[in-house]
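Pasting data.pdb here (PDB, C-alpha atoms and all ligand atoms):
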MODEL        1
ATOM      1  CA  PRO A   1       3.816  -4.878  15.906  1.00  0.00           C
ATOM      2  CA  GLY A   2       2.207  -2.252  13.717  1.00  0.00           C
ATOM      3  CA  SER A   3       2.508  -4.150  10.448  1.00  0.00           C
ATOM      4  CA  VAL A   4      -0.434  -4.377   8.046  1.00  0.00           C
ATOM      5  CA  LEU A   5      -0.286  -7.121   5.426  1.00  0.00           C
ATOM      6  CA  ALA A   6      -2.667  -6.932   2.460  1.00  0.00           C
ATOM      7  CA  LEU A   7      -3.798 -10.201   0.867  1.00  0.00           C
ATOM      8  CA  PRO A   8      -5.653  -8.900  -2.216  1.00  0.00           C
ATOM      9  CA  ARG A   9      -6.732 -12.255  -3.624  1.00  0.00           C
ATOM     10  CA  GLN A  10      -8.323 -13.250  -0.337  1.00  0.00           C
ATOM     11  CA  LYS A  11      -9.658  -9.704   0.243  1.00  0.00           C
ATOM     12  CA  VAL A  12      -8.161  -9.607   3.730  1.00  0.00           C
ATOM     13  CA  PHE A  13      -5.795  -7.500   5.789  1.00  0.00           C
ATOM     14  CA  VAL A  14      -3.717  -9.142   8.522  1.00  0.00           C
ATOM     15  CA  VAL A  15      -2.722  -6.691  11.227  1.00  0.00           C
ATOM     16  CA  ARG A  16      -0.170  -7.266  13.941  1.00  0.00           C
ATOM     17  CA  GLY A  17      -1.260  -5.134  16.869  1.00  0.00           C
ATOM     18  CA  ALA A  18       0.369  -4.757  20.253  1.00  0.00           C
ATOM     19  CA  GLU A  19      -1.902  -7.441  21.760  1.00  0.00           C
ATOM     20  CA  GLY A  20      -1.775  -9.980  18.939  1.00  0.00           C
ATOM     21  CA  VAL A  21      -2.667 -10.592  15.320  1.00  0.00           C
ATOM     22  CA  TYR A  22      -6.079 -10.140  13.727  1.00  0.00           C
ATOM     23  CA  ALA A  23      -7.512 -10.446  10.225  1.00  0.00           C
ATOM     24  CA  MET A  24     -10.166  -8.225   8.689  1.00  0.00           C
ATOM     25  CA  SER A  25     -12.085  -8.149   5.452  1.00  0.00           C
ATOM     26  CA  SER A  26     -10.908  -5.562   2.934  1.00  0.00           C
ATOM     27  CA  VAL A  27     -14.409  -5.336   1.442  1.00  0.00           C
ATOM     28  CA  CYS A  28     -16.139  -2.044   2.211  1.00  0.00           C
ATOM     29  CA  THR A  29     -19.457  -2.520   4.010  1.00  0.00           C
ATOM     30  CA  HIS A  30     -21.088   0.176   1.881  1.00  0.00           C
ATOM     31  CA  LEU A  31     -21.212  -1.276  -1.632  1.00  0.00           C
ATOM     32  CA  GLY A  32     -18.347  -3.746  -1.650  1.00  0.00           C
ATOM     33  CA  CYS A  33     -15.354  -1.863  -3.039  1.00  0.00           C
ATOM     34  CA  ILE A  34     -11.905  -2.912  -1.876  1.00  0.00           C
ATOM     35  CA  ILE A  35     -10.521  -0.596   0.784  1.00  0.00           C
ATOM     36  CA  GLN A  36      -6.930   0.580   1.006  1.00  0.00           C
ATOM     37  CA  HIS A  37      -4.556   0.881   3.932  1.00  0.00           C
ATOM     38  CA  ARG A  38      -3.702   4.482   4.693  1.00  0.00           C
ATOM     39  CA  LYS A  39      -0.726   5.554   6.749  1.00  0.00           C
ATOM     40  CA  ALA A  40      -0.013   9.146   5.798  1.00  0.00           C
ATOM     41  CA  GLN A  41       1.769  11.603   8.020  1.00  0.00           C
ATOM     42  CA  GLY A  42      -0.674  13.818   9.878  1.00  0.00           C
ATOM     43  CA  GLN A  43      -3.587  11.463   9.267  1.00  0.00           C
ATOM     44  CA  MET A  44      -5.036   8.730  11.423  1.00  0.00           C
ATOM     45  CA  GLU A  45      -3.751   5.338  10.291  1.00  0.00           C
ATOM     46  CA  GLY A  46      -6.548   3.139   9.047  1.00  0.00           C
ATOM     47  CA  PHE A  47      -8.373   2.139   5.902  1.00  0.00           C
ATOM     48  CA  PHE A  48     -10.025   4.216   3.213  1.00  0.00           C
ATOM     49  CA  CYS A  49     -12.517   3.321   0.518  1.00  0.00           C
ATOM     50  CA  PRO A  50     -11.814   4.994  -2.831  1.00  0.00           C
ATOM     51  CA  CYS A  51     -15.384   4.589  -4.080  1.00  0.00           C
ATOM     52  CA  HIS A  52     -17.409   6.874  -1.790  1.00  0.00           C
ATOM     53  CA  GLY A  53     -14.923   7.866   0.886  1.00  0.00           C
ATOM     54  CA  SER A  54     -15.725   5.638   3.834  1.00  0.00           C
ATOM     55  CA  ALA A  55     -12.970   5.585   6.434  1.00  0.00           C
ATOM     56  CA  PHE A  56     -12.209   2.898   8.993  1.00  0.00           C
ATOM     57  CA  THR A  57      -9.869   2.705  11.963  1.00  0.00           C
ATOM     58  CA  LEU A  58      -7.091   0.143  12.090  1.00  0.00           C
ATOM     59  CA  GLU A  59      -9.597  -2.054  13.977  1.00  0.00           C
ATOM     60  CA  GLY A  60     -12.206  -1.640  11.233  1.00  0.00           C
ATOM     61  CA  LYS A  61     -14.604   0.758  12.985  1.00  0.00           C
ATOM     62  CA  VAL A  62     -16.376   3.224  10.714  1.00  0.00           C
ATOM     63  CA  VAL A  63     -15.156   6.787  11.250  1.00  0.00           C
ATOM     64  CA  GLY A  64     -16.428   8.441   8.091  1.00  0.00           C
ATOM     65  CA  GLY A  65     -18.467   8.076   4.934  1.00  0.00           C
ATOM     66  CA  PRO A  66     -21.528   6.001   4.140  1.00  0.00           C
ATOM     67  CA  ALA A  67     -20.346   2.543   5.316  1.00  0.00           C
ATOM     68  CA  PRO A  68     -23.067   1.218   7.644  1.00  0.00           C
ATOM     69  CA  ARG A  69     -21.072  -1.396   9.547  1.00  0.00           C
ATOM     70  CA  PRO A  70     -17.524  -2.087  10.732  1.00  0.00           C
ATOM     71  CA  LEU A  71     -15.302  -4.428   8.722  1.00  0.00           C
ATOM     72  CA  ALA A  72     -15.763  -8.158   9.324  1.00  0.00           C
ATOM     73  CA  TRP A  73     -13.102  -9.957  11.356  1.00  0.00           C
ATOM     74  CA  PHE A  74     -11.963 -13.533  10.719  1.00  0.00           C
ATOM     75  CA  GLY A  75     -10.415 -16.124  12.986  1.00  0.00           C
ATOM     76  CA  LEU A  76      -6.811 -17.268  12.642  1.00  0.00           C
ATOM     77  CA  ASN A  77      -5.251 -20.688  13.103  1.00  0.00           C
ATOM     78  CA  LEU A  78      -1.731 -22.041  13.136  1.00  0.00           C
ATOM     79  CA  SER A  79      -1.149 -24.808  10.577  1.00  0.00           C
ATOM     80  CA  PRO A  80       0.891 -27.916  11.493  1.00  0.00           C
ATOM     81  CA  ARG A  81       3.775 -26.310   9.576  1.00  0.00           C
ATOM     82  CA  GLY A  82       3.591 -23.185  11.716  1.00  0.00           C
ATOM     83  CA  GLU A  83       1.923 -20.963   9.133  1.00  0.00           C
ATOM     84  CA  LEU A  84      -0.693 -18.452  10.137  1.00  0.00           C
ATOM     85  CA  VAL A  85      -3.963 -19.274   8.350  1.00  0.00           C
ATOM     86  CA  VAL A  86      -6.949 -16.942   8.028  1.00  0.00           C
ATOM     87  CA  ASP A  87     -10.213 -18.852   8.395  1.00  0.00           C
ATOM     88  CA  LEU A  88     -12.612 -16.959   6.115  1.00  0.00           C
ATOM     89  CA  GLN A  89     -15.487 -19.172   7.294  1.00  0.00           C
ATOM     90  CA  ARG A  90     -15.102 -18.092  10.935  1.00  0.00           C
ATOM     91  CA  VAL A  91     -16.293 -14.571  11.700  1.00  0.00           C
ATOM     92  CA  VAL A  92     -15.102 -13.327  15.083  1.00  0.00           C
ATOM     93  CA  GLY A  93     -15.649 -10.226  17.195  1.00  0.00           C
ATOM     94  CA  PRO A  94     -13.354  -7.193  17.269  1.00  0.00           C
ATOM     95  CA  ASP A  95     -11.900  -8.200  20.616  1.00  0.00           C
ATOM     96  CA  TYR A  96     -10.354 -11.306  19.025  1.00  0.00           C
ATOM     97  CA  ARG A  97      -6.562 -11.477  18.979  1.00  0.00           C
ATOM     98  CA  PHE A  98      -4.349 -14.395  17.949  1.00  0.00           C
ATOM     99  CA  LYS A  99      -1.246 -14.589  20.127  1.00  0.00           C
ATOM    100  CA  VAL A 100       1.899 -15.570  18.270  1.00  0.00           C
TER     101      VAL A 100
HETATM  102 FE1  LIG B   1     -16.955   1.962   0.046  1.00  0.00          FE
HETATM  103 FE2  LIG B   1     -19.060   3.108  -1.043  1.00  0.00          FE
HETATM  104  S1  LIG B   1     -18.231   1.168  -1.500  1.00  0.00           S
HETATM  105  S2  LIG B   1     -17.751   3.890   0.469  1.00  0.00           S
ENDMDL
END
Could you render the structure from this file as structure tokens?
Amino acid sequence: PGSVLALPRQKVFVVRGAEGVYAMSSVCTHLGCIIQHRKAQGQMEGFFCPCHGSAFTLEGKVVGGPAPRPLAWFGLNLSPRGELVVDLQRVVGPDYRFKV
């Protein structure tokens, strides 16, 4: 719990929260820059966009800057081999959690 895995080629973060795993887009909803995970002491953990300063919570809610919408969430599946697979075609709501 608490881990944040960046998948740059797929433009996704996979987060393991206390209640399960979820996957979010790493594309800023302002103008499409790639956001970065931020976990600095004394700062709220979340995501930050280097282009115009939008800030997002660990759940992808906008907490600063010009981004107009929260980050998109994607569904997860378990492959027959037991691998966790992000389904980029399936957008889900922010209450979605995949139990592992
Ligand atoms: Fe992210 Fe502008 S593209 S704040």
Quick one: which chain A residues come within 8 Å of ligand LIG 1 (chain B), and what is the nearest atom pair for each with the distance in Å to one decimal, counting all atoms listed in the file, rows ordered by chain and ascending number, as a Markdown table?
| residue | atom | partner | partner_atom | distance |
| --- | --- | --- | --- | --- |
| A:Val27 | CA | B:LIG1 | FE1 | 7.9 |
| A:Cys28 | CA | B:LIG1 | FE1 | 4.6 |
| A:Thr29 | CA | B:LIG1 | FE1 | 6.5 |
| A:His30 | CA | B:LIG1 | S1 | 4.5 |
| A:Leu31 | CA | B:LIG1 | S1 | 3.9 |
| A:Gly32 | CA | B:LIG1 | S1 | 4.9 |
| A:Cys33 | CA | B:LIG1 | S1 | 4.5 |
| A:Ile34 | CA | B:LIG1 | FE1 | 7.3 |
| A:Ile35 | CA | B:LIG1 | FE1 | 7.0 |
| A:Phe48 | CA | B:LIG1 | FE1 | 7.9 |
| A:Cys49 | CA | B:LIG1 | FE1 | 4.7 |
| A:Pro50 | CA | B:LIG1 | FE1 | 6.6 |
| A:Cys51 | CA | B:LIG1 | FE2 | 5.0 |
| A:His52 | CA | B:LIG1 | S2 | 3.8 |
| A:Gly53 | CA | B:LIG1 | S2 | 4.9 |
| A:Ser54 | CA | B:LIG1 | S2 | 4.3 |
| A:Ala55 | CA | B:LIG1 | S2 | 7.8 |
| A:Gly65 | CA | B:LIG1 | S2 | 6.2 |
| A:Pro66 | CA | B:LIG1 | S2 | 5.7 |
| A:Ala67 | CA | B:LIG1 | S2 | 5.7 |
Return as number ranges by chain the set of residues that the PyMOL selection byres (((chain A and resi 23) around 12) and not hetatm) yields on the displayed structure.
A: 3-7, 10-17, 20-22, 24-26, 58-60, 71-77, 84-88, 90-98
So how many Å separate atom CA of A:Phe47 and atom CA of A:Pro68, to one decimal?
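If I compute the distance from atom CA of A:Phe47 to atom CA of A:Pro68, I get 14.8 Å.
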Axis-aligned box for all listed atoms of stretch 45-52 of chain A, 5 Å per side, centre and edges in Å to one decimal, as AutoDock Vina command-line options:
--center_x -10.6 --center_y 4.5 --center_z 3.1 --size_x 23.7 --size_y 14.7 --size_z 24.4
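The smallest atom-to-atom distance between A:Lys99 and any of A:Lys39, A:Gly46, A:Phe56, A:Glu19, using only C-alpha atoms, is found for A:Glu19.
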What is the distance between atom CA of A:Pro8 and atom CA of A:Gln89, in Å to one decimal?
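So the answer is 17.1 Å.
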One-decimal distance in Å that lies between atom CA of A:Ala18 and atom CA of A:Gly2
7.2 Å
May I ask which of the residues A:Leu78, A:Ala40, A:Glu45, A:Arg9 is the closest one to A:Val63, counting all atoms listed in the file?
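Residue with the minimum atom-to-atom distance to A:Val63: A:Glu45.
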